[in-house]
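Engineer: upload-v7.cif is reproduced below (mmCIF, C-alpha atoms).
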data_my_file
#
loop_
_atom_site.label_atom_id
_atom_site.label_comp_id
_atom_site.auth_asym_id
_atom_site.auth_seq_id
_atom_site.Cartn_x
_atom_site.Cartn_y
_atom_site.Cartn_z
CA MET M 1 194.40 -97.37 -19.61
CA THR M 2 192.71 -99.87 -21.87
CA LYS M 3 189.18 -99.50 -23.20
CA PRO M 4 186.49 -102.21 -23.37
CA ILE M 5 186.43 -104.36 -26.48
CA TYR M 6 183.31 -105.47 -28.30
CA ILE M 7 182.76 -109.05 -29.46
CA HIS M 8 180.98 -109.58 -32.78
CA GLY M 9 181.35 -113.30 -33.28
CA SER M 10 182.50 -116.41 -31.46
CA GLY M 11 183.30 -120.02 -32.27
CA CYS M 12 184.11 -122.93 -30.01
CA VAL M 13 185.35 -126.49 -30.50
CA SER M 14 185.24 -128.59 -27.34
CA VAL M 15 184.18 -131.97 -25.96
CA GLN M 16 180.59 -130.72 -26.31
CA PRO M 17 179.03 -130.00 -29.74
CA THR M 18 179.55 -126.27 -29.21
CA PHE M 19 180.24 -125.86 -32.93
CA GLU M 20 176.75 -127.02 -33.93
CA ALA M 21 174.22 -124.37 -34.90
CA GLY M 22 171.85 -123.60 -32.04
CA TYR M 23 173.71 -125.66 -29.44
CA PHE M 24 173.94 -124.06 -26.01
CA PHE M 25 174.67 -126.60 -23.23
CA ASP M 26 171.01 -127.58 -22.65
CA HIS M 27 172.03 -131.12 -23.58
CA VAL M 28 175.41 -132.33 -22.46
CA THR M 29 177.41 -135.22 -23.95
CA SER M 30 178.56 -137.62 -21.21
CA TYR M 31 181.95 -139.30 -21.00
CA THR M 32 183.49 -141.86 -18.65
CA GLN M 33 187.15 -141.52 -19.56
CA ASN M 34 190.16 -139.31 -18.91
CA PRO M 35 191.53 -137.63 -20.99
CA VAL M 36 188.67 -136.70 -23.32
CA PRO M 37 189.53 -135.50 -26.86
CA ALA M 38 187.48 -132.68 -28.38
CA LEU M 39 184.72 -133.57 -30.83
CA ASP M 40 185.75 -133.12 -34.45
CA PRO M 41 183.55 -130.83 -36.53
CA ASP M 42 183.59 -131.11 -40.31
CA TYR M 43 186.92 -129.32 -40.71
CA LYS M 44 186.64 -129.54 -44.49
CA ALA M 45 183.86 -126.98 -44.34
CA PHE M 46 186.56 -124.35 -43.74
CA ILE M 47 189.90 -125.99 -44.55
CA PRO M 48 190.93 -127.34 -48.00
CA ALA M 49 191.82 -131.06 -47.85
CA LEU M 50 195.39 -130.52 -49.04
CA GLN M 51 196.05 -128.07 -46.17
CA LEU M 52 194.09 -130.08 -43.65
CA ARG M 53 196.26 -133.18 -43.99
CA ARG M 54 199.29 -131.48 -42.51
CA MET M 55 197.52 -129.63 -39.70
CA ASN M 56 197.59 -130.97 -36.18
CA LYS M 57 194.50 -130.80 -34.00
CA SER M 58 195.33 -127.40 -32.47
CA MET M 59 195.54 -125.85 -35.90
CA ARG M 60 192.38 -127.55 -37.11
CA MET M 61 190.37 -126.54 -34.06
CA ALA M 62 191.72 -122.97 -34.10
CA ILE M 63 190.95 -122.43 -37.78
CA PHE M 64 187.48 -123.93 -37.46
CA ALA M 65 186.57 -121.89 -34.35
CA SER M 66 187.95 -118.67 -35.81
CA ARG M 67 186.13 -119.16 -39.12
CA MET M 68 182.90 -119.75 -37.17
CA ALA M 69 183.48 -116.49 -35.31
CA MET M 70 184.23 -114.61 -38.53
CA GLN M 71 181.19 -116.07 -40.25
CA GLN M 72 179.03 -114.95 -37.31
CA ALA M 73 180.57 -111.46 -37.43
CA GLY M 74 180.06 -111.29 -41.19
CA ILE M 75 183.71 -110.57 -42.01
CA THR M 76 186.34 -112.25 -44.21
CA THR M 77 189.54 -110.51 -43.08
CA VAL M 78 191.08 -109.27 -39.83
CA ASP M 79 193.87 -106.82 -39.01
CA ALA M 80 195.55 -108.85 -36.28
CA ILE M 81 195.55 -112.30 -34.68
CA ILE M 82 196.20 -112.70 -30.95
CA THR M 83 196.10 -116.13 -29.36
CA GLY M 84 196.91 -117.86 -26.11
CA SER M 85 198.06 -121.45 -25.69
CA GLY M 86 199.36 -123.03 -22.51
CA LEU M 87 201.10 -125.95 -24.20
CA GLY M 88 200.91 -125.23 -27.92
CA CYS M 89 200.91 -127.97 -30.53
CA LEU M 90 201.59 -130.72 -28.04
CA ARG M 91 201.25 -133.79 -30.26
CA ASP M 92 203.79 -132.57 -32.80
CA SER M 93 206.07 -131.46 -29.95
CA GLU M 94 205.91 -134.97 -28.52
CA ARG M 95 206.52 -136.56 -31.94
CA PHE M 96 209.48 -134.28 -32.52
CA VAL M 97 211.06 -134.95 -29.09
CA GLU M 98 210.39 -138.67 -29.41
CA ALA M 99 212.10 -138.74 -32.84
CA LEU M 100 214.99 -136.74 -31.39
CA ARG M 101 215.37 -139.36 -28.67
CA THR M 102 214.99 -142.51 -30.76
CA ASP M 103 217.06 -141.32 -33.74
CA GLU M 104 219.68 -139.60 -31.61
CA GLY M 105 219.21 -136.24 -33.25
CA SER M 106 219.23 -137.35 -36.89
CA LEU M 107 216.45 -138.10 -39.40
CA LEU M 108 213.94 -135.68 -37.95
CA ASN M 109 210.67 -135.38 -39.85
CA PRO M 110 210.18 -131.73 -40.85
CA THR M 111 206.42 -131.42 -40.22
CA PRO M 112 206.39 -132.14 -36.45
CA PHE M 113 209.49 -129.95 -36.09
CA ILE M 114 207.89 -127.00 -37.90
CA GLN M 115 204.60 -127.46 -36.06
CA SER M 116 205.97 -128.04 -32.58
CA THR M 117 205.95 -124.36 -31.67
CA HIS M 118 203.23 -122.68 -29.63
CA ASN M 119 202.44 -120.04 -32.24
CA MET M 120 201.65 -122.49 -35.04
CA ALA M 121 197.87 -122.10 -34.68
CA ALA M 122 198.11 -118.31 -35.01
CA ALA M 123 200.51 -118.73 -37.92
CA ALA M 124 198.19 -121.18 -39.69
CA LEU M 125 195.33 -118.72 -39.19
CA ALA M 126 197.39 -115.91 -40.70
CA LEU M 127 198.30 -118.09 -43.68
CA SER M 128 194.74 -119.22 -44.26
CA LEU M 129 193.40 -115.66 -44.03
CA GLY M 130 196.30 -113.93 -45.78
CA CYS M 131 196.66 -111.73 -42.70
CA LYS M 132 200.06 -110.03 -42.61
CA GLY M 133 199.26 -107.90 -39.56
CA TYR M 134 200.22 -108.21 -35.89
CA ASN M 135 200.41 -111.89 -34.90
CA MET M 136 201.11 -112.79 -31.30
CA THR M 137 200.78 -115.91 -29.15
CA TYR M 138 200.89 -115.82 -25.35
CA VAL M 139 202.19 -118.84 -23.45
CA ASN M 140 201.43 -118.33 -19.81
CA ASN M 141 200.08 -121.57 -18.36
CA ALA M 142 196.43 -121.31 -17.35
CA ASN M 143 196.50 -117.53 -17.89
CA SER M 144 197.51 -117.75 -21.55
CA PHE M 145 194.13 -116.71 -22.95
CA GLU M 146 193.81 -113.91 -20.39
CA SER M 147 197.25 -112.60 -21.45
CA ALA M 148 196.11 -112.65 -25.07
CA LEU M 149 192.92 -110.86 -24.05
CA LEU M 150 194.87 -108.15 -22.24
CA ASP M 151 197.08 -107.67 -25.29
CA ALA M 152 193.97 -107.52 -27.50
CA MET M 153 192.60 -104.72 -25.31
CA ILE M 154 195.90 -102.83 -25.47
CA TYR M 155 196.18 -103.40 -29.25
CA LEU M 156 192.66 -102.15 -29.88
CA THR M 157 193.20 -99.13 -27.64
CA GLU M 158 196.19 -98.25 -29.82
CA HIS M 159 194.48 -99.27 -33.10
CA PRO M 160 190.85 -98.20 -32.61
CA ALA M 161 189.86 -98.92 -36.22
CA ALA M 162 191.15 -102.49 -36.22
CA THR M 163 189.18 -105.73 -36.14
CA ILE M 164 191.01 -108.69 -34.67
CA LEU M 165 190.80 -112.40 -34.00
CA LEU M 166 191.34 -113.32 -30.37
CA GLY M 167 191.40 -116.88 -29.12
CA GLY M 168 192.74 -119.68 -27.02
CA VAL M 169 193.66 -123.21 -28.06
CA ASP M 170 195.16 -126.26 -26.38
CA GLU M 171 195.36 -129.89 -27.39
CA LEU M 172 195.98 -133.13 -25.53
CA GLY M 173 199.27 -134.99 -25.85
CA GLU M 174 199.58 -138.67 -24.98
CA ARG M 175 202.92 -138.48 -23.17
CA THR M 176 202.08 -135.25 -21.37
CA THR M 177 198.83 -136.76 -20.11
CA GLN M 178 200.84 -139.73 -18.77
CA PHE M 179 203.09 -137.30 -16.89
CA TRP M 180 200.05 -135.53 -15.45
CA ASP M 181 198.70 -138.86 -14.33
CA LEU M 182 202.00 -139.66 -12.58
CA ALA M 183 201.84 -136.25 -10.90
CA ASN M 184 198.33 -137.09 -9.60
CA TYR M 185 196.74 -134.22 -11.51
CA LEU M 186 194.08 -136.44 -13.09
CA LYS M 187 191.02 -138.32 -11.94
CA ARG M 188 191.29 -142.07 -12.56
CA ASP M 189 188.44 -144.49 -11.72
CA ASP M 190 185.81 -141.82 -11.15
CA ALA M 191 186.43 -139.79 -14.32
CA THR M 192 183.13 -138.60 -15.73
CA ILE M 193 181.75 -135.66 -17.67
CA PRO M 194 179.56 -134.04 -16.42
CA THR M 195 181.94 -134.07 -13.47
CA PRO M 196 180.32 -134.23 -10.03
CA LEU M 197 180.93 -131.01 -8.13
CA ILE M 198 180.96 -129.68 -4.56
CA GLU M 199 180.01 -132.48 -2.11
CA GLN M 200 180.54 -135.16 -4.79
CA ALA M 201 183.91 -133.81 -5.95
CA THR M 202 186.97 -136.08 -5.78
CA PRO M 203 190.70 -135.38 -6.26
CA GLY M 204 191.90 -134.77 -9.83
CA GLU M 205 190.73 -133.06 -12.98
CA ILE M 206 189.48 -134.28 -16.38
CA ALA M 207 192.00 -133.35 -19.08
CA THR M 208 190.41 -132.17 -22.31
CA GLU M 209 191.20 -129.87 -25.23
CA GLY M 210 189.54 -127.21 -27.33
CA ALA M 211 189.69 -123.91 -29.17
CA THR M 212 187.56 -120.81 -28.72
CA PHE M 213 187.92 -117.71 -30.89
CA PHE M 214 186.30 -114.28 -31.00
CA VAL M 215 186.11 -111.39 -33.43
CA ALA M 216 186.74 -108.18 -31.49
CA SER M 217 186.97 -104.46 -32.12
CA GLN M 218 186.88 -101.17 -30.26
CA GLU M 219 183.44 -100.17 -31.52
CA PRO M 220 180.05 -101.90 -31.27
CA GLY M 221 178.47 -103.03 -34.55
CA ASP M 222 175.39 -104.74 -35.97
CA HIS M 223 176.48 -108.19 -34.79
CA THR M 224 177.76 -107.23 -31.34
CA PHE M 225 176.57 -109.38 -28.49
CA GLY M 226 178.77 -108.28 -25.64
CA LYS M 227 181.84 -106.43 -24.49
CA ILE M 228 184.80 -107.31 -22.31
CA ARG M 229 185.34 -104.51 -19.88
CA ALA M 230 188.36 -105.65 -17.90
CA VAL M 231 190.67 -108.57 -17.18
CA GLU M 232 193.24 -109.18 -14.46
CA THR M 233 195.49 -112.10 -13.62
CA ARG M 234 197.60 -113.16 -10.66
CA LEU M 235 199.93 -116.15 -10.48
CA GLU M 236 199.24 -116.56 -6.77
CA VAL M 237 196.91 -114.84 -4.34
CA ASP M 238 196.72 -115.08 -0.56
CA ALA M 239 192.97 -114.51 -0.54
CA PRO M 240 190.95 -114.77 -3.79
CA GLU M 241 188.15 -112.72 -2.21
CA ILE M 242 190.48 -109.75 -1.67
CA PHE M 243 191.86 -110.08 -5.23
CA ILE M 244 188.36 -110.15 -6.74
CA SER M 245 186.99 -107.40 -4.48
CA GLY M 246 189.94 -105.22 -5.45
CA PHE M 247 189.28 -105.91 -9.14
CA LEU M 248 185.61 -104.93 -8.76
CA GLN M 249 186.59 -101.81 -6.83
CA ARG M 250 189.14 -100.79 -9.49
CA ASN M 251 186.34 -101.04 -12.03
CA GLY M 252 183.84 -99.15 -9.87
CA ILE M 253 181.51 -102.10 -9.39
CA GLU M 254 179.83 -103.64 -6.34
CA ALA M 255 179.45 -107.43 -6.31
CA GLU M 256 175.68 -106.97 -5.88
CA THR M 257 175.45 -105.31 -9.30
CA LEU M 258 176.66 -108.46 -11.06
CA ASP M 259 173.87 -110.52 -12.65
CA ALA M 260 175.76 -113.80 -12.40
CA VAL M 261 179.21 -115.22 -11.80
CA VAL M 262 180.89 -117.99 -13.81
CA LEU M 263 183.23 -120.05 -11.62
CA GLY M 264 185.89 -122.55 -12.65
CA TYR M 265 184.74 -125.56 -10.60
CA ASN M 266 186.27 -128.63 -12.25
CA GLY M 267 185.39 -131.28 -9.67
CA ASP M 268 188.90 -131.42 -8.18
CA SER M 269 188.14 -131.50 -4.46
CA ARG M 270 191.66 -130.23 -3.66
CA TYR M 271 191.04 -126.82 -5.23
CA ASP M 272 187.28 -126.35 -5.66
CA GLU M 273 187.13 -125.18 -2.04
CA ILE M 274 188.38 -121.82 -3.37
CA TYR M 275 185.12 -121.42 -5.30
CA ARG M 276 182.98 -122.74 -2.45
CA THR M 277 184.40 -120.12 -0.11
CA LEU M 278 183.63 -117.36 -2.60
CA GLY M 279 180.21 -118.85 -3.32
CA SER M 280 179.24 -118.57 0.31
CA SER M 281 180.70 -115.08 0.86
CA LEU M 282 181.30 -112.54 -1.92
CA PHE M 283 178.97 -114.27 -4.41
CA ALA M 284 176.45 -115.72 -1.92
CA ASN M 285 173.50 -113.81 -3.38
CA LEU M 286 174.36 -114.26 -7.06
CA PRO M 287 173.49 -116.97 -9.56
CA GLN M 288 176.62 -119.13 -9.78
CA ILE M 289 177.41 -120.90 -13.05
CA ALA M 290 179.95 -123.68 -13.65
CA PHE M 291 181.36 -124.77 -17.03
CA LYS M 292 184.47 -126.92 -16.57
CA HIS M 293 182.37 -129.86 -15.37
CA VAL M 294 181.00 -130.14 -18.94
CA VAL M 295 183.99 -129.00 -21.03
CA GLY M 296 186.82 -130.32 -18.86
CA GLU M 297 190.13 -128.69 -17.98
CA TYR M 298 192.93 -127.27 -20.14
CA ASP M 299 195.01 -124.13 -19.94
CA THR M 300 192.87 -121.91 -22.16
CA VAL M 301 189.45 -123.29 -21.17
CA VAL M 302 188.51 -119.87 -19.72
CA ALA M 303 187.89 -118.78 -23.33
CA ALA M 304 184.98 -121.27 -23.32
CA ALA M 305 183.63 -119.48 -20.22
CA LEU M 306 183.69 -116.23 -22.17
CA PHE M 307 181.91 -117.99 -25.06
CA LEU M 308 179.31 -119.14 -22.50
CA ALA M 309 178.87 -115.68 -20.93
CA LEU M 310 178.38 -114.05 -24.33
CA GLY M 311 175.92 -116.79 -25.27
CA ILE M 312 173.96 -116.10 -22.09
CA PHE M 313 173.70 -112.42 -23.08
CA GLN M 314 172.64 -113.32 -26.58
CA ARG M 315 169.97 -115.82 -25.47
CA GLN M 316 169.15 -114.29 -22.06
CA HIS M 317 169.11 -117.85 -20.77
CA VAL M 318 171.27 -119.83 -18.35
CA PRO M 319 171.34 -123.58 -19.12
CA GLN M 320 169.98 -125.41 -16.07
CA ARG M 321 172.79 -127.97 -16.26
CA LEU M 322 175.35 -125.27 -15.51
CA LEU M 323 173.57 -123.50 -12.66
CA LEU M 324 175.08 -124.26 -9.24
CA ASN M 325 172.69 -122.57 -6.82
CA HIS M 326 169.09 -121.46 -6.59
CA SER M 327 169.58 -117.71 -6.63
CA SER M 328 166.94 -116.20 -8.87
CA ILE M 329 168.15 -115.23 -12.34
CA PRO M 330 167.58 -111.53 -13.07
CA PRO M 331 165.03 -110.91 -15.86
CA ILE M 332 167.76 -109.25 -17.93
CA LEU M 333 171.34 -110.51 -17.78
CA ARG M 334 173.74 -107.69 -18.48
CA ARG M 335 176.87 -108.17 -16.40
CA ILE M 336 178.78 -111.40 -15.69
CA LEU M 337 182.05 -111.94 -13.86
CA ILE M 338 184.24 -114.93 -14.73
CA TYR M 339 186.67 -116.17 -12.09
CA THR M 340 188.94 -119.19 -12.57
CA GLN M 341 192.18 -120.67 -11.27
CA ARG M 342 194.02 -123.92 -11.95
CA ARG M 343 195.56 -126.06 -9.23
CA GLY M 344 195.52 -123.08 -6.87
CA GLN M 345 197.49 -120.84 -9.24
CA ASN M 346 196.92 -118.63 -12.26
CA HIS M 347 193.89 -116.79 -10.93
CA SER M 348 191.98 -114.56 -13.32
CA VAL M 349 188.90 -112.38 -13.44
CA ILE M 350 187.14 -111.20 -16.58
CA LEU M 351 184.30 -108.70 -16.50
CA VAL M 352 181.84 -109.12 -19.37
CA GLU M 353 178.87 -106.89 -20.15
CA LYS M 354 176.07 -106.94 -22.66
CA MET K 1 208.68 -154.78 -57.53
CA SER K 2 204.89 -154.66 -57.22
CA GLU K 3 205.19 -155.50 -53.55
CA LEU K 4 207.58 -152.59 -53.11
CA THR K 5 205.33 -150.12 -54.92
CA GLN K 6 202.38 -151.19 -52.76
CA GLU K 7 204.51 -150.79 -49.64
CA LEU K 8 205.73 -147.39 -50.83
CA LYS K 9 202.19 -146.18 -51.48
CA ALA K 10 201.13 -147.17 -47.97
CA LYS K 11 204.15 -145.40 -46.47
CA ILE K 12 203.58 -142.24 -48.53
CA ILE K 13 199.90 -142.10 -47.51
CA THR K 14 200.75 -142.56 -43.82
CA GLN K 15 203.81 -140.31 -43.72
CA LEU K 16 202.17 -137.45 -45.61
CA ASN K 17 198.71 -137.83 -43.98
CA LEU K 18 196.95 -138.25 -47.31
CA GLU K 19 193.76 -139.05 -45.41
CA ASP K 20 191.47 -139.18 -48.44
CA LEU K 21 193.62 -141.61 -50.43
CA THR K 22 193.94 -145.40 -50.32
CA VAL K 23 196.70 -147.52 -51.84
CA ASP K 24 194.33 -148.41 -54.68
CA ASP K 25 193.74 -144.73 -55.53
CA LEU K 26 197.43 -144.09 -56.12
CA ASP K 27 198.68 -145.12 -59.57
CA ASP K 28 202.31 -146.19 -59.99
CA HIS K 29 202.83 -143.52 -62.64
CA THR K 30 200.91 -140.55 -61.19
CA PRO K 31 203.25 -137.54 -60.75
CA LEU K 32 203.72 -136.96 -57.01
CA PHE K 33 204.36 -133.24 -57.39
CA GLY K 34 202.78 -130.51 -59.53
CA ASP K 35 199.59 -131.46 -61.32
CA GLY K 36 199.55 -135.02 -60.00
CA LEU K 37 199.25 -135.51 -56.27
CA GLY K 38 200.17 -131.87 -55.60
CA LEU K 39 202.87 -132.52 -53.01
CA ASP K 40 205.12 -129.63 -51.93
CA SER K 41 208.66 -129.01 -50.68
CA ILE K 42 207.92 -130.10 -47.11
CA ASP K 43 206.57 -133.37 -48.47
CA ALA K 44 209.84 -133.76 -50.40
CA LEU K 45 211.73 -133.47 -47.10
CA GLU K 46 209.40 -136.04 -45.53
CA LEU K 47 210.12 -138.42 -48.43
CA ILE K 48 213.89 -137.92 -48.03
CA VAL K 49 213.61 -138.83 -44.32
CA MET K 50 211.42 -141.82 -45.24
CA LEU K 51 214.00 -143.14 -47.74
CA ASP K 52 216.72 -142.90 -45.09
CA LYS K 53 214.69 -144.36 -42.21
CA SER K 54 212.96 -147.18 -44.10
CA TYR K 55 215.52 -148.14 -46.75
CA GLY K 56 218.84 -146.75 -45.50
CA ILE K 57 219.26 -144.56 -48.59
CA LYS K 58 220.65 -141.08 -48.14
CA LEU K 59 219.70 -138.60 -50.82
CA SER K 60 222.14 -135.74 -50.64
CA ASP K 61 221.77 -134.23 -54.12
CA PRO K 62 218.53 -132.22 -54.48
CA LYS K 63 218.72 -132.51 -58.30
CA GLU K 64 218.63 -136.28 -57.93
CA GLY K 65 215.49 -135.97 -55.79
CA ARG K 66 213.56 -134.34 -58.59
CA LYS K 67 213.89 -137.50 -60.68
CA VAL K 68 213.60 -139.99 -57.85
CA PHE K 69 210.36 -138.53 -56.51
CA GLU K 70 208.66 -138.16 -59.88
CA THR K 71 206.29 -141.11 -59.33
CA VAL K 72 205.88 -144.10 -57.05
CA GLN K 73 207.46 -146.22 -59.79
CA THR K 74 210.59 -144.03 -60.07
CA MET K 75 210.95 -144.15 -56.28
CA ALA K 76 210.65 -147.94 -56.32
CA ASP K 77 213.23 -148.23 -59.13
CA PHE K 78 215.64 -146.03 -57.19
CA ILE K 79 215.16 -148.03 -53.99
CA GLU K 80 215.72 -151.33 -55.80
CA ALA K 81 218.96 -150.01 -57.29
CA ASN K 82 220.31 -148.48 -54.10
CA ARG K 83 218.87 -150.46 -51.21
CA LYS K 84 221.47 -151.56 -48.62
#
Taking this structure as input, can you express it in the form of structure tokens?

Structural biologist:
Amino acid sequence: MTKPIYIHGSGCVSVQPTFEAGYFFDHVTSYTQNPVPALDPDYKAFIPALQLRRMNKSMRMAIFASRMAMQQAGITTVDAIITGSGLGCLRDSERFVEALRTDEGSLLNPTPFIQSTHNMAAAALALSLGCKGYNMTYVNNANSFESALLDAMIYLTEHPAATILLGGVDELGERTTQFWDLANYLKRDDATIPTPLIEQATPGEIATEGATFFVASQEPGDHTFGKIRAVETRLEVDAPEIFISGFLQRNGIEAETLDAVVLGYNGDSRYDEIYRTLGSSLFANLPQIAFKHVVGEYDTVVAAALFLALGIFQRQHVPQRLLLNHSSIPPILRRILIYTQRRGQNHSVILVEK
Amino acid sequence: MSELTQELKAKIITQLNLEDLTVDDLDDHTPLFGDGLGLDSIDALELIVMLDKSYGIKLSDPKEGRKVFETVQTMADFIEANRK
């Protein structure tokens, strides 16, 4: 049985200026394109220029977000690094495969080869921090961050004195995005952020990228602003309502005791019906919050939902832009449930408490 | 020769992602490794691949590489002498 884990710091790089001090989704940057690359913070604030030049975007975003989280938590070292990434360092993977194809297996540049693996971001973090402890990357499609989170909870249950970095990172790749387009995964002419939801939703998603990292431990501290109580994933479910109700029951919670629910609406009319059904049944009387319509879709984007939920606890404020219904917001927000899926698969629920 | 050194500088900057440098910043005689530009062993591999891809020169002896990659000028001299 795992125990809850406490979060002491968080950092997020996304298509919104989530890395700027004081930013919290009250103003949203608009886009009319697909895919949308993440905004670049001043990476040199945390990464020496000589190291930065060889890092791909995943590594840059991961190091920046994790250093933000560590700065917020007031720490300089961690005991373990646990990450999730659905597609890893995609650009270097594409460069490596492309070179393999064009040069028929000879003359391969070493850097894209070395950095084409999924665990490169976690490895770069370990190198930059001098962390020789447990280092694990989970690659599990749109449940990659949740798998990392589950491992973080198990790790901290077994190592109660440890402080760890937990995060999710994914980057866009040009070729991969072309394949997604051919597979009709993406919106084309009507691609906008903020993405219209519910009645205005159209087929397809907006492909983006980002990194979100957290400092976590088994005990609360001076900087704590929330705890993750439980997480569950399912590749496929017959009825999301039964899956979520079962999760709440296993954690001894009634849906009515939740203060809000964060749902993974991304404006893809083919799958958002799943959230609409829940929004009019199990969550009908709760404030419903969306986030993918402003940060887009990628495999580990649920980490940004956790960043949002913890920010709501910290500020006791729900940005109007993210609120989906008119249910009254409780005066004190203490318990939020996050539910997401991607293309009808990889369902997950995360229970977060103040 | 000057044309080749300019071309080499541009290739080195692109291939090694030396984002803060321009061709004009890079002197012909600045050491590429150690106290000069501060390149490392992975950069050396990148330069070996670059020599092969761009100039058709295979560098099989690592000891030879130490001399060849000393500066932009030594690289250019080596390319001039061995270009196919």

Engineer: Would you mind telling me which residue in M:Asp181, M:Asp40, M:Asp103, M:Asp272 lies nearest to chain K when using all atoms listed in the file?

Structural biologist: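 Comparing M:Asp181, M:Asp40, M:Asp103, M:Asp272 against chain K, the winner is M:Asp103.
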
Engineer: Run the PyMOL selection byres ((chain K) within 7 of (chain M)) against the file shown and list the residues it catches, as a CSV table (one decimal) with C-alpha atoms, keeping the file's coordinate frame.

Structural biologist:
chain,number,residue,atom,x,y,z
K,17,ASN,CA,198.7,-137.8,-44.0
K,18,LEU,CA,197.0,-138.2,-47.3
K,19,GLU,CA,193.8,-139.0,-45.4
K,42,ILE,CA,207.9,-130.1,-47.1
K,45,LEU,CA,211.7,-133.5,-47.1
K,46,GLU,CA,209.4,-136.0,-45.5
K,49,VAL,CA,213.6,-138.8,-44.3

Engineer: Which of these, M:Asn251, M:Gln314, M:Ser144, M:Gln345, has the shortest distance to Arg229 of chain M once you count all atoms listed in the file?

Structural biologist: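 Ranking M:Asn251, M:Gln314, M:Ser144, M:Gln345 by distance to Arg229 of chain M, first place goes to M:Asn251.
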
Engineer: As a check of understanding, name the residues that the PyMOL selection byres ((chain M and resi 351) around 8) selects in the supplied structure, as a JSON list (two decimals) with C-alpha atoms, keeping the file's coordinate frame.

Structural biologist:
[["chain", "number", "residue", "atom", "x", "y", "z"],
["M", 228, "ILE", "CA", 184.80, -107.31, -22.31],
["M", 229, "ARG", "CA", 185.34, -104.51, -19.88],
["M", 230, "ALA", "CA", 188.36, -105.65, -17.90],
["M", 231, "VAL", "CA", 190.67, -108.57, -17.18],
["M", 335, "ARG", "CA", 176.87, -108.17, -16.40],
["M", 336, "ILE", "CA", 178.78, -111.40, -15.69],
["M", 337, "LEU", "CA", 182.05, -111.94, -13.86],
["M", 338, "ILE", "CA", 184.24, -114.93, -14.73],
["M", 349, "VAL", "CA", 188.90, -112.38, -13.44],
["M", 350, "ILE", "CA", 187.14, -111.20, -16.58],
["M", 352, "VAL", "CA", 181.84, -109.12, -19.37],
["M", 353, "GLU", "CA", 178.87, -106.89, -20.15]]

Engineer: Could you list, as a PDB file with C-alpha atoms, in the coordinates of the input, every residue matched by the PyMOL selection byres ((chain K and resi 6) around 12) in this structure?

Structural biologist:
ATOM      1  CA  MET K   1     208.680-154.780 -57.530  1.00  0.00           C
ATOM      2  CA  SER K   2     204.890-154.660 -57.220  1.00  0.00           C
ATOM      3  CA  GLU K   3     205.190-155.500 -53.550  1.00  0.00           C
ATOM      4  CA  LEU K   4     207.580-152.590 -53.110  1.00  0.00           C
ATOM      5  CA  THR K   5     205.330-150.120 -54.920  1.00  0.00           C
ATOM      6  CA  GLU K   7     204.510-150.790 -49.640  1.00  0.00           C
ATOM      7  CA  LEU K   8     205.730-147.390 -50.830  1.00  0.00           C
ATOM      8  CA  LYS K   9     202.190-146.180 -51.480  1.00  0.00           C
ATOM      9  CA  ALA K  10     201.130-147.170 -47.970  1.00  0.00           C
ATOM     10  CA  LYS K  11     204.150-145.400 -46.470  1.00  0.00           C
ATOM     11  CA  ILE K  12     203.580-142.240 -48.530  1.00  0.00           C
ATOM     12  CA  ILE K  13     199.900-142.100 -47.510  1.00  0.00           C
ATOM     13  CA  THR K  22     193.940-145.400 -50.320  1.00  0.00           C
ATOM     14  CA  VAL K  23     196.700-147.520 -51.840  1.00  0.00           C
ATOM     15  CA  ASP K  24     194.330-148.410 -54.680  1.00  0.00           C
ATOM     16  CA  ASP K  25     193.740-144.730 -55.530  1.00  0.00           C
ATOM     17  CA  LEU K  26     197.430-144.090 -56.120  1.00  0.00           C
ATOM     18  CA  ASP K  27     198.680-145.120 -59.570  1.00  0.00           C
ATOM     19  CA  ASP K  28     202.310-146.190 -59.990  1.00  0.00           C
ATOM     20  CA  VAL K  72     205.880-144.100 -57.050  1.00  0.00           C
ATOM     21  CA  GLN K  73     207.460-146.220 -59.790  1.00  0.00           C
ATOM     22  CA  MET K  75     210.950-144.150 -56.280  1.00  0.00           C
ATOM     23  CA  ALA K  76     210.650-147.940 -56.320  1.00  0.00           C
TER      24      ALA K  76
END

Engineer: Which is closest to Gly74 of chain M among M:Glu297, M:Asp222, M:Asp259, M:Asp42, if we use only C-alpha atoms?

Structural biologist: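 Under the stated criterion, the closest residue is M:Asp222.
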
Engineer: Skipping near chain neighbours, those fewer than 4 positions away, what residues fall within 9 Å of segment 31-36 of chain K using only C-alpha atoms, listed as a list in words?

Structural biologist: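 Once the nearby chain positions are removed, what remains is Asp27, Asp40, Ala44, Phe69, Glu70, Thr71 and Val72 of chain K.
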
Engineer: Output C-alpha atoms for every residue in that selection, as a CSV table (one decimal), keeping the file's coordinate frame.

Structural biologist:
chain,number,residue,atom,x,y,z
K,27,ASP,CA,198.7,-145.1,-59.6
K,40,ASP,CA,205.1,-129.6,-51.9
K,44,ALA,CA,209.8,-133.8,-50.4
K,69,PHE,CA,210.4,-138.5,-56.5
K,70,GLU,CA,208.7,-138.2,-59.9
K,71,THR,CA,206.3,-141.1,-59.3
K,72,VAL,CA,205.9,-144.1,-57.0

Engineer: So which one's closest to Val169 of chain M, M:Ala191, M:Leu308, M:Ile47, M:Cys89? Using only C-alpha atoms, please.

Structural biologist: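 Among M:Ala191, M:Leu308, M:Ile47, M:Cys89, it is M:Cys89 that comes nearest to Val169 of chain M.
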
Engineer: Would you pick out the contacts of Ala152 of chain M at 8 Å or less, using only C-alpha atoms, so that residues sharing its chain but fewer than 6 positions from it are not included, and give the list as a list of chain:residue names?

Structural biologist: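 Returned residues: M:Ile82, M:Ile164, M:Leu166.
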